[in-house]
$ cat query-v1.txt   # compact mmCIF, C-alpha atoms
# COMPACT_ATOMS: atom_id res chain seq x y z
CA MET A 1125 26.17 153.66 206.52
CA GLU A 1126 28.19 154.55 209.60
CA HIS A 1127 27.28 151.25 211.22
CA HIS A 1128 27.79 149.25 208.09
CA ASN A 1129 31.34 150.53 207.68
CA GLY A 1130 32.15 150.57 211.38
CA THR A 1131 33.98 147.28 211.81
CA VAL A 1132 37.17 147.99 209.82
CA GLU A 1133 37.56 151.37 211.52
CA ALA A 1134 36.89 149.86 214.94
CA THR A 1135 39.51 147.13 214.39
CA LEU A 1136 42.09 149.74 213.38
CA ALA A 1137 41.22 152.01 216.31
CA ALA A 1138 41.54 149.09 218.73
CA TYR A 1139 45.00 148.27 217.36
CA ILE A 1140 46.10 151.90 217.78
CA ARG A 1141 44.69 152.09 221.29
CA ASP A 1142 46.54 148.90 222.30
CA GLU A 1143 49.83 149.45 220.48
CA CYS A 1144 50.40 153.16 219.98
CA LEU A 1145 48.78 155.05 222.84
CA SER A 1146 49.71 155.45 226.45
CA ARG A 1147 47.76 152.95 228.55
CA ASN A 1148 46.37 155.73 230.71
CA THR A 1149 44.91 157.77 227.90
CA THR A 1150 41.29 158.67 228.29
CA VAL A 1151 40.96 160.45 224.98
CA ASP A 1152 38.89 158.88 222.22
CA LEU A 1153 40.58 158.70 218.89
CA ALA A 1154 38.58 160.31 216.06
CA TYR A 1155 38.71 158.33 212.81
CA GLY A 1156 39.67 161.46 210.90
CA THR A 1157 42.69 162.33 213.12
CA ASN A 1158 45.94 162.73 211.21
CA LEU A 1159 47.91 159.92 212.87
CA PHE A 1160 51.30 161.42 211.96
CA ASP A 1161 50.56 165.01 213.01
CA ALA A 1162 49.17 163.71 216.29
CA GLY A 1163 52.42 161.83 216.97
CA ILE A 1164 50.56 158.52 217.19
CA VAL A 1165 52.28 156.78 214.30
CA ASP A 1166 55.72 157.38 212.80
CA SER A 1167 57.86 155.52 210.29
CA ALA A 1168 58.52 152.59 212.62
CA GLY A 1169 54.94 152.47 213.90
CA LEU A 1170 53.59 152.53 210.35
CA ILE A 1171 55.53 149.40 209.39
CA SER A 1172 54.19 147.46 212.40
CA PHE A 1173 50.70 148.78 211.66
CA ILE A 1174 50.95 147.62 208.05
CA ALA A 1175 52.06 144.15 209.14
CA PHE A 1176 48.95 144.01 211.35
CA ILE A 1177 46.68 145.18 208.52
CA GLU A 1178 48.13 142.66 206.06
CA LYS A 1179 47.66 139.79 208.51
CA ASN A 1180 44.27 140.82 209.81
CA PHE A 1181 42.63 141.72 206.49
CA GLY A 1182 44.44 139.25 204.25
CA LEU A 1183 46.04 141.94 202.10
CA SER A 1184 49.50 142.35 200.71
CA ILE A 1185 50.31 146.06 200.60
CA PRO A 1186 52.90 146.94 197.94
CA ASP A 1187 55.61 149.51 198.75
CA GLU A 1188 54.21 151.92 196.15
CA ASP A 1189 51.00 152.22 198.17
CA LEU A 1190 52.76 153.57 201.29
CA LEU A 1191 51.44 157.07 200.63
CA PRO A 1192 49.95 159.79 202.84
CA GLU A 1193 46.59 159.60 201.07
CA ASN A 1194 46.27 155.91 202.00
CA PHE A 1195 47.58 155.97 205.57
CA VAL A 1196 47.03 159.40 207.04
CA SER A 1197 44.02 158.49 209.21
CA ILE A 1198 41.86 155.58 210.29
CA THR A 1199 39.25 156.63 207.72
CA ALA A 1200 41.84 156.66 204.90
CA ILE A 1201 43.24 153.26 205.88
CA ALA A 1202 39.77 151.72 206.17
CA ASP A 1203 38.85 153.04 202.69
CA TYR A 1204 42.09 151.61 201.31
CA ILE A 1205 41.42 148.22 202.93
CA ARG A 1206 37.86 148.07 201.58
CA ALA A 1207 38.94 149.08 198.07
CA HIS A 1208 41.61 146.38 197.98
CA GLN A 1209 39.49 143.67 199.51
CA GLN A 1210 36.99 144.49 196.76
CA ILE A 1211 39.65 144.15 194.06
CA GLY A 1212 40.74 140.81 195.52
CA HIS A 1213 37.13 139.67 195.54
CA GLU A 1214 36.55 140.69 191.90
CA LEU A 1215 39.76 139.01 190.81
CA ARG A 1216 38.74 135.77 192.48
CA GLU A 1217 35.33 135.96 190.79
CA GLU A 1218 36.98 136.62 187.45
CA VAL A 1219 39.32 133.65 187.90
CA SER A 1220 36.47 131.32 188.87
CA GLY A 1221 34.43 132.74 185.94
CA LEU A 1222 37.25 131.84 183.55
CA GLY A 1223 37.31 128.33 184.91
CA SER A 1224 33.65 127.60 184.12
CA MET B 106 83.87 135.32 217.35
CA SER B 107 82.30 136.78 220.44
CA SER B 108 79.86 139.64 220.07
CA VAL B 109 80.20 142.76 222.18
CA LYS B 110 77.92 142.87 225.21
CA LYS B 111 75.72 145.85 225.97
CA CYS B 112 74.82 145.02 229.56
CA LEU B 113 76.51 143.21 232.44
CA VAL B 114 74.22 141.85 235.16
CA TRP B 115 75.80 141.50 238.62
CA ASP B 116 75.16 139.24 241.55
CA LEU B 117 75.87 141.08 244.84
CA ASP B 118 76.96 138.78 247.69
CA ASN B 119 80.45 137.36 247.14
CA THR B 120 80.53 138.88 243.67
CA LEU B 121 80.16 142.65 243.78
CA TRP B 122 81.29 142.57 247.38
CA GLU B 123 82.86 139.99 249.66
CA GLY B 124 80.52 138.62 252.28
CA VAL B 125 76.76 138.31 252.62
CA LEU B 126 74.86 141.53 253.27
CA LEU B 127 72.03 139.89 255.26
CA GLU B 128 74.63 138.32 257.57
CA GLY B 129 75.85 141.78 258.42
CA SER B 130 79.34 142.05 256.99
CA PHE B 131 80.54 142.87 253.52
CA ARG B 132 83.55 144.48 251.96
CA LEU B 133 83.62 146.03 248.50
CA ARG B 134 86.08 144.52 246.06
CA ARG B 135 88.23 147.33 244.73
CA GLU B 136 89.00 145.58 241.44
CA VAL B 137 85.26 145.10 240.89
CA VAL B 138 84.57 148.81 241.36
CA GLU B 139 87.33 149.57 238.83
CA THR B 140 85.81 147.14 236.33
CA ILE B 141 82.38 148.71 236.76
CA ALA B 142 83.71 152.21 236.17
CA GLU B 143 85.78 151.15 233.14
CA LEU B 144 82.93 149.28 231.42
CA ASP B 145 80.57 152.19 232.14
CA HIS B 146 83.05 154.53 230.44
CA ARG B 147 82.92 152.21 227.40
CA GLY B 148 79.13 152.50 227.21
CA ILE B 149 78.36 149.08 228.67
CA LEU B 150 75.43 149.20 231.08
CA HIS B 151 75.27 147.52 234.48
CA SER B 152 72.34 145.91 236.21
CA ILE B 153 71.76 143.58 239.16
CA ALA B 154 70.12 140.16 239.58
CA SER B 155 70.56 139.20 243.18
CA ARG B 156 68.76 137.39 245.94
CA GLY B 157 68.15 139.48 249.06
CA ASP B 158 66.47 142.52 250.48
CA GLU B 159 66.19 145.33 247.95
CA ASP B 160 66.10 148.25 250.42
CA LEU B 161 69.14 147.02 252.32
CA ALA B 162 71.13 146.29 249.18
CA MET B 163 70.33 149.63 247.57
CA ALA B 164 71.26 151.44 250.82
CA ALA B 165 74.61 149.65 250.82
CA LEU B 166 75.21 150.65 247.19
CA ARG B 167 74.18 154.25 247.90
CA GLU B 168 76.57 154.48 250.85
CA ASN B 169 79.37 153.50 248.52
CA ARG B 170 78.17 155.80 245.73
CA LEU B 171 77.65 152.91 243.37
CA ASP B 172 73.85 152.97 243.02
CA GLY B 173 73.98 155.35 240.06
CA PHE B 174 75.77 152.76 237.92
CA PHE B 175 72.96 150.21 238.01
CA LEU B 176 69.86 150.37 235.84
CA VAL B 177 66.63 148.53 236.73
CA PRO B 178 68.22 146.42 239.52
CA GLN B 179 66.32 143.20 240.34
CA ILE B 180 66.88 142.28 243.98
CA ASN B 181 64.34 139.71 245.13
CA TRP B 182 63.94 135.94 245.54
CA PHE B 183 62.98 135.05 241.97
CA ALA B 184 65.11 132.83 239.73
CA LYS B 185 67.97 134.82 238.23
CA SER B 186 66.96 133.80 234.70
CA GLN B 187 63.60 135.46 235.38
CA ASN B 188 65.29 138.62 236.59
CA ILE B 189 67.57 138.72 233.56
CA LEU B 190 64.53 138.42 231.30
CA THR B 191 62.97 141.38 233.12
CA ILE B 192 66.15 143.43 232.66
CA SER B 193 66.29 142.51 228.97
CA LYS B 194 62.70 143.65 228.50
CA LYS B 195 63.03 146.86 230.50
CA LEU B 196 66.22 147.99 228.79
CA GLN B 197 65.21 146.56 225.39
CA ILE B 198 68.53 144.78 225.09
CA SER B 199 68.51 141.34 223.49
CA LEU B 200 69.66 138.38 225.59
CA ASP B 201 72.70 137.72 223.41
CA ALA B 202 74.00 141.17 224.33
CA ILE B 203 73.74 140.45 228.06
CA ALA B 204 76.40 138.91 230.33
CA PHE B 205 75.83 137.65 233.89
CA ILE B 206 78.44 137.42 236.65
CA ASP B 207 77.95 135.33 239.80
CA ASP B 208 80.10 133.37 242.27
CA GLU B 209 77.67 130.44 242.57
CA PRO B 210 78.03 127.72 239.90
CA PHE B 211 74.38 126.80 240.52
CA GLU B 212 73.15 130.27 239.54
CA ARG B 213 75.36 130.39 236.45
CA GLU B 214 74.14 126.95 235.38
CA GLN B 215 70.51 127.89 235.94
CA VAL B 216 70.88 130.99 233.76
CA ALA B 217 72.92 129.13 231.11
CA TYR B 218 70.25 126.42 230.95
CA MET B 219 67.21 128.73 230.79
CA LEU B 220 68.84 131.48 228.69
CA PRO B 221 71.61 129.88 226.63
CA SER B 222 72.40 133.09 224.71
CA VAL B 223 73.40 134.93 227.90
CA LEU B 224 77.15 134.83 228.59
CA THR B 225 77.82 133.61 232.15
CA ILE B 226 81.01 134.56 234.01
CA ALA B 227 82.47 133.41 237.34
CA SER B 228 82.99 136.28 239.77
CA GLU B 229 86.73 135.70 240.19
CA LYS B 230 87.07 136.85 236.54
CA ALA B 231 85.70 140.34 237.31
CA GLN B 232 89.11 141.95 237.12
CA GLU B 233 89.86 140.56 233.66
CA LEU B 234 86.65 141.72 232.00
CA PRO B 235 88.01 144.98 230.54
CA ASP B 236 90.60 142.90 228.63
CA ARG B 237 88.03 140.62 227.02
CA ALA B 238 86.76 141.17 223.48
CA GLU B 239 83.11 140.96 224.60
CA PHE B 240 83.61 144.11 226.66
CA SER B 241 85.73 146.04 224.16
CA PRO B 242 83.42 147.94 221.81
CA GLY B 243 86.27 149.77 220.04
CA GLU B 244 86.49 153.52 219.76
CA ILE B 245 84.69 155.24 222.64
CA THR B 246 82.30 158.01 221.66
CA ARG B 247 80.81 160.74 223.86
CA GLU B 248 77.49 158.98 223.31
CA ALA B 249 78.88 155.70 224.69
CA GLU B 250 80.19 157.39 227.83
CA HIS B 251 76.76 158.88 228.31
CA ARG B 252 74.74 155.76 227.58
CA ARG B 253 73.72 155.05 231.17
CA HIS B 254 72.28 158.58 231.46
CA PHE B 255 70.35 158.11 228.18
CA TYR B 256 68.64 155.06 229.66
CA ARG B 257 67.86 156.88 232.89
CA ALA B 258 66.34 159.77 230.93
CA GLU B 259 64.32 157.29 228.90
CA ILE B 260 62.88 155.75 232.08
CA ARG B 261 61.88 159.25 233.26
CA ARG B 262 60.23 159.94 229.87
CA ASP B 263 58.19 156.75 230.11
CA LEU B 264 56.96 157.73 233.56
CA ALA B 265 56.20 161.28 232.45
CA GLU B 266 54.17 160.14 229.45
CA ARG B 267 51.57 158.65 231.78
CA GLU B 268 50.73 162.15 233.02
CA TYR B 269 49.48 163.26 229.61
CA ALA B 270 46.14 162.45 228.04
CA THR B 271 47.45 162.29 224.49
CA ARG B 272 50.70 161.36 222.83
CA GLU B 273 50.85 164.78 221.18
CA ASP B 274 50.53 166.60 224.52
CA PHE B 275 53.35 164.47 225.88
CA LEU B 276 55.59 165.05 222.84
CA LEU B 277 54.95 168.82 223.04
CA SER B 278 55.83 168.77 226.74
CA CYS B 279 59.24 167.19 226.00
CA LYS B 280 60.46 170.39 224.29
CA MET B 281 62.65 168.53 221.81
CA GLN B 282 65.34 170.54 220.06
CA LEU B 283 67.03 169.05 217.03
CA THR B 284 70.22 170.76 215.91
CA VAL B 285 71.07 169.98 212.29
CA ARG B 286 74.65 171.00 211.53
CA PRO B 287 77.64 169.99 209.42
CA MET B 288 79.73 167.14 210.82
CA THR B 289 83.00 168.13 212.51
CA GLY B 290 86.13 165.99 212.86
CA ASP B 291 85.17 165.12 216.45
CA ASP B 292 81.88 163.63 215.25
CA ILE B 293 83.48 161.04 212.94
CA PRO B 294 83.63 158.14 215.45
CA ARG B 295 79.97 158.65 216.37
CA VAL B 296 78.91 158.88 212.70
CA LEU B 297 80.72 155.59 211.98
CA GLU B 298 79.09 154.05 215.06
CA LEU B 299 75.63 155.14 213.84
CA MET B 300 76.30 153.63 210.40
CA THR B 301 77.20 150.23 211.85
CA ARG B 302 74.59 150.12 214.64
CA THR B 303 71.57 151.42 212.70
CA HIS B 304 69.68 148.90 210.58
CA GLN B 305 66.04 149.90 210.38
CA LEU B 306 66.15 153.67 210.05
CA ASN B 307 68.92 153.45 207.47
CA THR B 308 68.18 154.37 203.84
CA THR B 309 70.89 152.29 202.16
CA GLY B 310 72.69 150.14 204.74
CA LEU B 311 75.92 151.11 202.99
CA ILE B 312 78.72 151.69 205.45
CA TRP B 313 81.14 154.44 204.58
CA ASP B 314 84.66 153.72 205.68
CA ARG B 315 86.60 156.30 207.63
CA THR B 316 88.65 157.37 204.62
CA ALA B 317 85.58 158.00 202.47
CA LEU B 318 83.94 159.88 205.30
CA VAL B 319 86.98 162.05 205.97
CA GLU B 320 87.23 162.74 202.24
CA ALA B 321 83.56 163.69 202.09
CA PHE B 322 84.05 165.81 205.18
CA HIS B 323 86.92 167.78 203.70
CA GLY B 324 84.82 167.78 200.53
CA ARG B 325 85.09 169.99 197.52
CA PRO B 326 83.19 173.26 197.65
CA GLY B 327 79.68 172.54 196.50
CA GLY B 328 80.38 168.81 196.71
CA THR B 329 79.45 166.24 199.28
CA ALA B 330 78.14 167.44 202.62
CA VAL B 331 77.89 165.36 205.78
CA MET B 332 75.35 166.58 208.31
CA VAL B 333 74.55 165.37 211.81
CA GLY B 334 71.43 165.76 213.92
CA GLU B 335 71.91 166.30 217.65
CA LEU B 336 68.90 166.06 219.93
CA ARG B 337 68.05 167.25 223.43
CA ASP B 338 64.83 167.57 225.37
CA ARG B 339 63.81 168.55 228.89
CA PHE B 340 64.94 165.13 230.14
CA GLY B 341 68.45 165.36 228.83
CA TRP B 342 70.90 165.21 225.95
CA TYR B 343 70.59 162.38 223.42
CA GLY B 344 73.79 163.16 221.57
CA ILE B 345 74.11 162.70 217.83
CA ILE B 346 71.12 160.64 216.77
CA GLY B 347 71.29 160.92 213.00
CA THR B 348 73.53 161.52 210.05
CA ALA B 349 72.89 162.51 206.44
CA ILE B 350 75.16 162.66 203.40
CA MET B 351 74.19 164.88 200.52
CA ASP B 352 75.56 165.29 197.04
CA THR B 353 75.22 168.88 195.96
CA MET B 354 77.68 168.78 193.06
CA GLN B 355 75.45 169.98 190.26
CA SER B 356 72.47 172.25 190.50
CA SER B 357 70.70 169.17 191.80
CA TRP B 358 70.53 168.09 195.43
CA ARG B 359 70.58 164.41 196.28
CA LEU B 360 70.38 162.73 199.67
CA LYS B 361 72.80 159.79 199.37
CA TYR B 362 72.39 158.46 202.87
CA LEU B 363 70.25 158.98 205.94
CA ALA B 364 70.41 157.05 209.22
CA VAL B 365 68.58 157.82 212.45
CA SER B 366 69.23 155.99 215.73
CA CYS B 367 66.50 153.56 216.77
CA ARG B 368 66.80 155.10 220.23
CA VAL B 369 64.61 157.99 219.08
CA MET B 370 62.06 155.95 217.15
CA GLY B 371 58.46 156.87 217.75
CA ARG B 372 59.07 160.60 218.14
CA GLY B 373 58.96 161.76 214.52
CA ILE B 374 62.64 162.72 214.66
CA GLU B 375 63.42 161.12 211.29
CA ARG B 376 60.61 163.22 209.76
CA ALA B 377 61.97 166.39 211.37
CA PHE B 378 65.51 165.62 210.18
CA LEU B 379 64.48 164.85 206.59
CA ALA B 380 62.05 167.78 206.38
CA SER B 381 64.71 170.17 207.65
CA LEU B 382 67.22 168.96 205.03
CA VAL B 383 64.60 169.32 202.28
CA HIS B 384 63.67 172.82 203.45
CA THR B 385 67.34 173.82 203.24
CA ALA B 386 67.63 172.38 199.73
CA LEU B 387 64.47 174.19 198.58
CA GLY B 388 65.73 177.38 200.22
CA ARG B 389 68.89 177.14 198.11
CA GLY B 390 66.84 176.91 194.95
CA ASN B 391 67.06 173.15 194.35
CA THR B 392 63.48 172.68 193.28
CA SER B 393 63.46 168.91 192.92
CA PRO B 394 65.46 167.30 195.73
CA GLU B 395 66.29 163.62 195.20
CA ALA B 396 66.98 160.83 197.66
CA GLU B 397 68.50 157.37 197.28
CA PHE B 398 67.14 154.18 198.81
CA ARG B 399 68.42 150.62 198.83
CA ASP B 400 66.27 147.78 200.16
CA THR B 401 68.24 145.90 202.85
CA GLY B 402 65.34 143.73 203.96
CA LYS B 403 65.19 145.66 207.25
CA ASN B 404 64.62 149.25 206.22
CA ARG B 405 61.13 149.36 204.73
CA MET B 406 60.34 152.15 207.18
CA MET B 407 62.76 154.48 205.39
CA ARG B 408 61.01 153.87 202.08
CA ALA B 409 57.75 154.61 203.89
CA LEU B 410 59.34 157.76 205.32
CA TYR B 411 60.34 159.03 201.87
CA GLN B 412 56.92 158.33 200.39
CA MET B 413 54.99 159.73 203.34
CA MET B 414 57.15 162.87 203.07
CA GLY B 415 56.29 163.44 199.43
CA PHE B 416 59.09 161.60 197.60
CA THR B 417 58.17 159.23 194.76
CA ALA B 418 60.24 156.54 193.06
CA THR B 419 61.47 157.67 189.65
CA GLY B 420 62.32 154.21 188.33
CA GLU B 421 65.93 155.37 187.86
CA THR B 422 68.80 153.74 189.71
CA GLY B 423 71.96 155.28 191.14
CA ASP B 424 75.38 153.92 192.08
CA ALA B 425 75.39 150.67 194.07
CA GLY B 426 71.92 149.81 192.75
CA THR B 427 70.08 152.41 194.81
CA LEU B 428 66.59 153.51 193.75
CA ILE B 429 66.21 157.21 193.13
CA PHE B 430 63.27 159.08 194.63
CA ARG B 431 62.29 162.64 193.74
CA ALA B 432 60.27 165.13 195.79
CA ARG B 433 56.84 166.03 194.45
CA PRO B 434 57.33 169.54 193.05
CA ASP B 435 54.48 171.19 194.95
CA TRP B 436 55.23 169.57 198.27
CA LEU B 437 56.75 171.11 201.39
CA PRO B 438 57.20 168.40 204.04
CA ASP B 439 56.13 169.40 207.54
CA ILE B 440 58.39 169.37 210.57
CA PRO B 441 56.39 167.83 213.45
CA ARG B 442 55.06 170.59 215.71
CA TRP B 443 56.76 169.14 218.79
CA VAL B 444 60.29 169.36 217.35
CA GLU B 445 62.14 172.65 217.19
CA VAL B 446 64.84 172.49 214.53
CA LEU B 447 67.84 174.70 215.23
$ encode --input "query-v1.txt" --output "structure tokens"
Amino acid sequence: MEHHNGTVEATLAAYIRDECLSRNTTVDLAYGTNLFDAGIVDSAGLISFIAFIEKNFGLSIPDEDLLPENFVSITAIADYIRAHQQIGHELREEVSGLGS
Amino acid sequence: MSSVKKCLVWDLDNTLWEGVLLEGSFRLRREVVETIAELDHRGILHSIASRGDEDLAMAALRENRLDGFFLVPQINWFAKSQNILTISKKLQISLDAIAFIDDEPFEREQVAYMLPSVLTIASEKAQELPDRAEFSPGEITREAEHRRHFYRAEIRRDLAEREYATREDFLLSCKMQLTVRPMTGDDIPRVLELMTRTHQLNTTGLIWDRTALVEAFHGRPGGTAVMVGELRDRFGWYGIIGTAIMDTMQSSWRLKYLAVSCRVMGRGIERAFLASLVHTALGRGNTSPEAEFRDTGKNRMMRALYQMMGFTATGETGDAGTLIFRARPDWLPDIPRWVEVL
């Protein structure tokens, strides 16, 4: 399970390592870390992060979804991404089903 | 219409001083030193893009007590356009807010060709610069006079951050103190400056004119309140970095406006400021604080701030088409641990 779900989390962690952390840091970022309480992401950082997520995962994140439960940690964001990729997938299937 | 410049980049030989340093003789130009001091007082930064030997040039500036004026000087043998790009990146000032002064037409042409948005100036014009619109930012605030020191402190912060393993350790080490207090008459120019200069961390983008602000300031008892946030840390004083306007007319409490300087982005200061205001409102018995937001196309981060801090859109709209947000009733927003609110 861990391995199966690892790629989304790893992509997010790599972004944070490159964009939000000091280059010299030696500390590994736990997926459950509260990104806001740890000072890693703030309002400005979140908007850049969202732009990255939208581009990288082909999502469009509506304003209403900018909530702590969706963006508090790498785990929460990865769950959100998977849930919405799934919805997109089902919608596409539904549309192609209607066509046949 | 010329835009106001934020940084003036100087050539040294035959511009800042008469003569060529490497040839052994130079004489400072008095009118140049006066221009430097005057623009510095107005909050315009100075830097250097010059060919030559860095150690020698800096020693000459130090001897004449001028070195402190110049941020991130670039003294080397690279093309001046390259050095101006470096300065722009290091100070995070866009090219169209940079001017370059040099005696050599070749250097001015090279910069104008490579970086057309940079304003180029011939060195014989140095004396006239304080009279030009591009170097006249209007009313001078305490923050403007201090701007050079803010940048120096910021460079020290960047260096210090490398000594810490985590961002949180670094932020805790800064010992940030945010004073949230009512605006005074002396603060009005700075509050107006924040309103016009702040685009991203600005909840409505609406600019209050001086009259409206003064009226709000004198306010009716229990009416509109204008607050400012003033920040300092172990590296120095940031000045007033945020302003908030609240309507407390009825038993309700509504945040009409919130702007936080982009200079303090990335430190959770906007969270600390908002949380502190909400705590005060809750403390006074206003159980459902409200906040207004207007989408300006640039300020999505303020909507994110509201929502991440427990405010939700009500679907109602206020004056000027603002959206009204209301705090979740069971929610007490946290002040980041690394900020002490006074």
$ interface_residues --input "query-v1.txt" --of "chain B" --to "chain A" --cutoff "9 Å" --atoms "all atoms listed in the file" --output "PyMOL selection string"
chain B and resi 266-274+276+305-306+370-376+405-410+412-415+417-418+439+441-443
$ atom_distance --input "query-v1.txt" --atom1 "atom CA of B:Asn307" --atom2 "atom CA of B:Thr427"
12.8 Å
$ atom_distance --input "query-v1.txt" --atom1 "atom CA of B:Met163" --atom2 "atom CA of B:Arg261"
19.2 Å
$ closest_residue --input "query-v1.txt" --among "A:Thr1199, A:Thr1157, A:Asn1180, A:Gln1209" --to "A:Glu1133" --atoms "only C-alpha atoms"
A:Thr1199
$ axis_aligned_box --input "query-v1.txt" --around "stretch 1178-1190 of chain A" --padding-each-side "8 Å" --output "lines of an AutoDock Vina configuration file"
center_x = 49.1
center_y = 146.4
center_z = 203.0
size_x = 29.0
size_y = 30.3
size_z = 29.7
$ decode --input "query-v1.txt" --residues "stretch 1152-1214 of chain A" --atoms "C-alpha atoms" --output "mmCIF file, in the first residue's frame"
data_model
loop_
_atom_site.group_PDB
_atom_site.id
_atom_site.type_symbol
_atom_site.label_atom_id
_atom_site.label_comp_id
_atom_site.auth_asym_id
_atom_site.auth_seq_id
_atom_site.Cartn_x
_atom_site.Cartn_y
_atom_site.Cartn_z
ATOM 1 C CA ASP A 1152 13.755 14.505 6.004
ATOM 2 C CA LEU A 1153 10.251 15.771 5.669
ATOM 3 C CA ALA A 1154 7.618 13.432 7.135
ATOM 4 C CA TYR A 1155 4.478 13.172 4.995
ATOM 5 C CA GLY A 1156 2.314 13.868 8.036
ATOM 6 C CA THR A 1157 4.099 17.129 9.019
ATOM 7 C CA ASN A 1158 1.792 20.119 9.336
ATOM 8 C CA LEU A 1159 3.329 22.300 6.618
ATOM 9 C CA PHE A 1160 1.940 25.535 8.080
ATOM 10 C CA ASP A 1161 2.896 24.903 11.706
ATOM 11 C CA ALA A 1162 6.384 23.942 10.562
ATOM 12 C CA GLY A 1163 6.747 27.257 8.729
ATOM 13 C CA ILE A 1164 7.351 25.472 5.428
ATOM 14 C CA VAL A 1165 4.355 26.835 3.553
ATOM 15 C CA ASP A 1166 2.420 30.061 4.090
ATOM 16 C CA SER A 1167 -0.250 31.894 2.121
ATOM 17 C CA ALA A 1168 2.121 32.854 -0.690
ATOM 18 C CA GLY A 1169 3.835 29.462 -0.756
ATOM 19 C CA LEU A 1170 0.480 27.690 -0.877
ATOM 20 C CA ILE A 1171 -0.562 29.518 -4.042
ATOM 21 C CA SER A 1172 2.676 28.574 -5.838
ATOM 22 C CA PHE A 1173 2.315 25.011 -4.564
ATOM 23 C CA ILE A 1174 -1.245 24.830 -5.898
ATOM 24 C CA ALA A 1175 -0.134 26.090 -9.306
ATOM 25 C CA PHE A 1176 2.444 23.278 -9.346
ATOM 26 C CA ILE A 1177 -0.139 20.663 -8.321
ATOM 27 C CA GLU A 1178 -2.632 21.824 -10.949
ATOM 28 C CA LYS A 1179 -0.012 21.679 -13.700
ATOM 29 C CA ASN A 1180 1.644 18.468 -12.615
ATOM 30 C CA PHE A 1181 -1.489 16.426 -11.885
ATOM 31 C CA GLY A 1182 -3.812 17.966 -14.455
ATOM 32 C CA LEU A 1183 -6.274 19.271 -11.863
ATOM 33 C CA SER A 1184 -8.090 22.530 -11.518
ATOM 34 C CA ILE A 1185 -8.478 23.293 -7.812
ATOM 35 C CA PRO A 1186 -11.473 25.529 -7.061
ATOM 36 C CA ASP A 1187 -11.126 28.293 -4.448
ATOM 37 C CA GLU A 1188 -13.643 26.562 -2.159
ATOM 38 C CA ASP A 1189 -11.263 23.628 -1.771
ATOM 39 C CA LEU A 1190 -8.452 25.747 -0.271
ATOM 40 C CA LEU A 1191 -9.102 24.319 3.184
ATOM 41 C CA PRO A 1192 -6.866 23.096 6.004
ATOM 42 C CA GLU A 1193 -8.192 19.540 5.726
ATOM 43 C CA ASN A 1194 -7.054 19.374 2.079
ATOM 44 C CA PHE A 1195 -3.686 21.109 2.321
ATOM 45 C CA VAL A 1196 -2.318 20.710 5.815
ATOM 46 C CA SER A 1197 0.246 17.999 5.003
ATOM 47 C CA ILE A 1198 1.720 16.014 2.135
ATOM 48 C CA THR A 1199 -0.564 13.100 3.063
ATOM 49 C CA ALA A 1200 -3.678 15.321 2.959
ATOM 50 C CA ILE A 1201 -2.720 16.864 -0.381
ATOM 51 C CA ALA A 1202 -1.929 13.470 -1.918
ATOM 52 C CA ASP A 1203 -5.324 12.118 -0.774
ATOM 53 C CA TYR A 1204 -7.022 15.174 -2.258
ATOM 54 C CA ILE A 1205 -5.180 14.730 -5.564
ATOM 55 C CA ARG A 1206 -6.070 11.035 -5.794
ATOM 56 C CA ALA A 1207 -9.731 11.672 -4.951
ATOM 57 C CA HIS A 1208 -10.018 14.333 -7.641
ATOM 58 C CA GLN A 1209 -8.112 12.434 -10.281
ATOM 59 C CA GLN A 1210 -10.566 9.610 -9.597
ATOM 60 C CA ILE A 1211 -13.561 11.922 -10.059
ATOM 61 C CA GLY A 1212 -12.088 13.213 -13.322
ATOM 62 C CA HIS A 1213 -11.570 9.645 -14.475
ATOM 63 C CA GLU A 1214 -15.156 8.607 -13.627
#
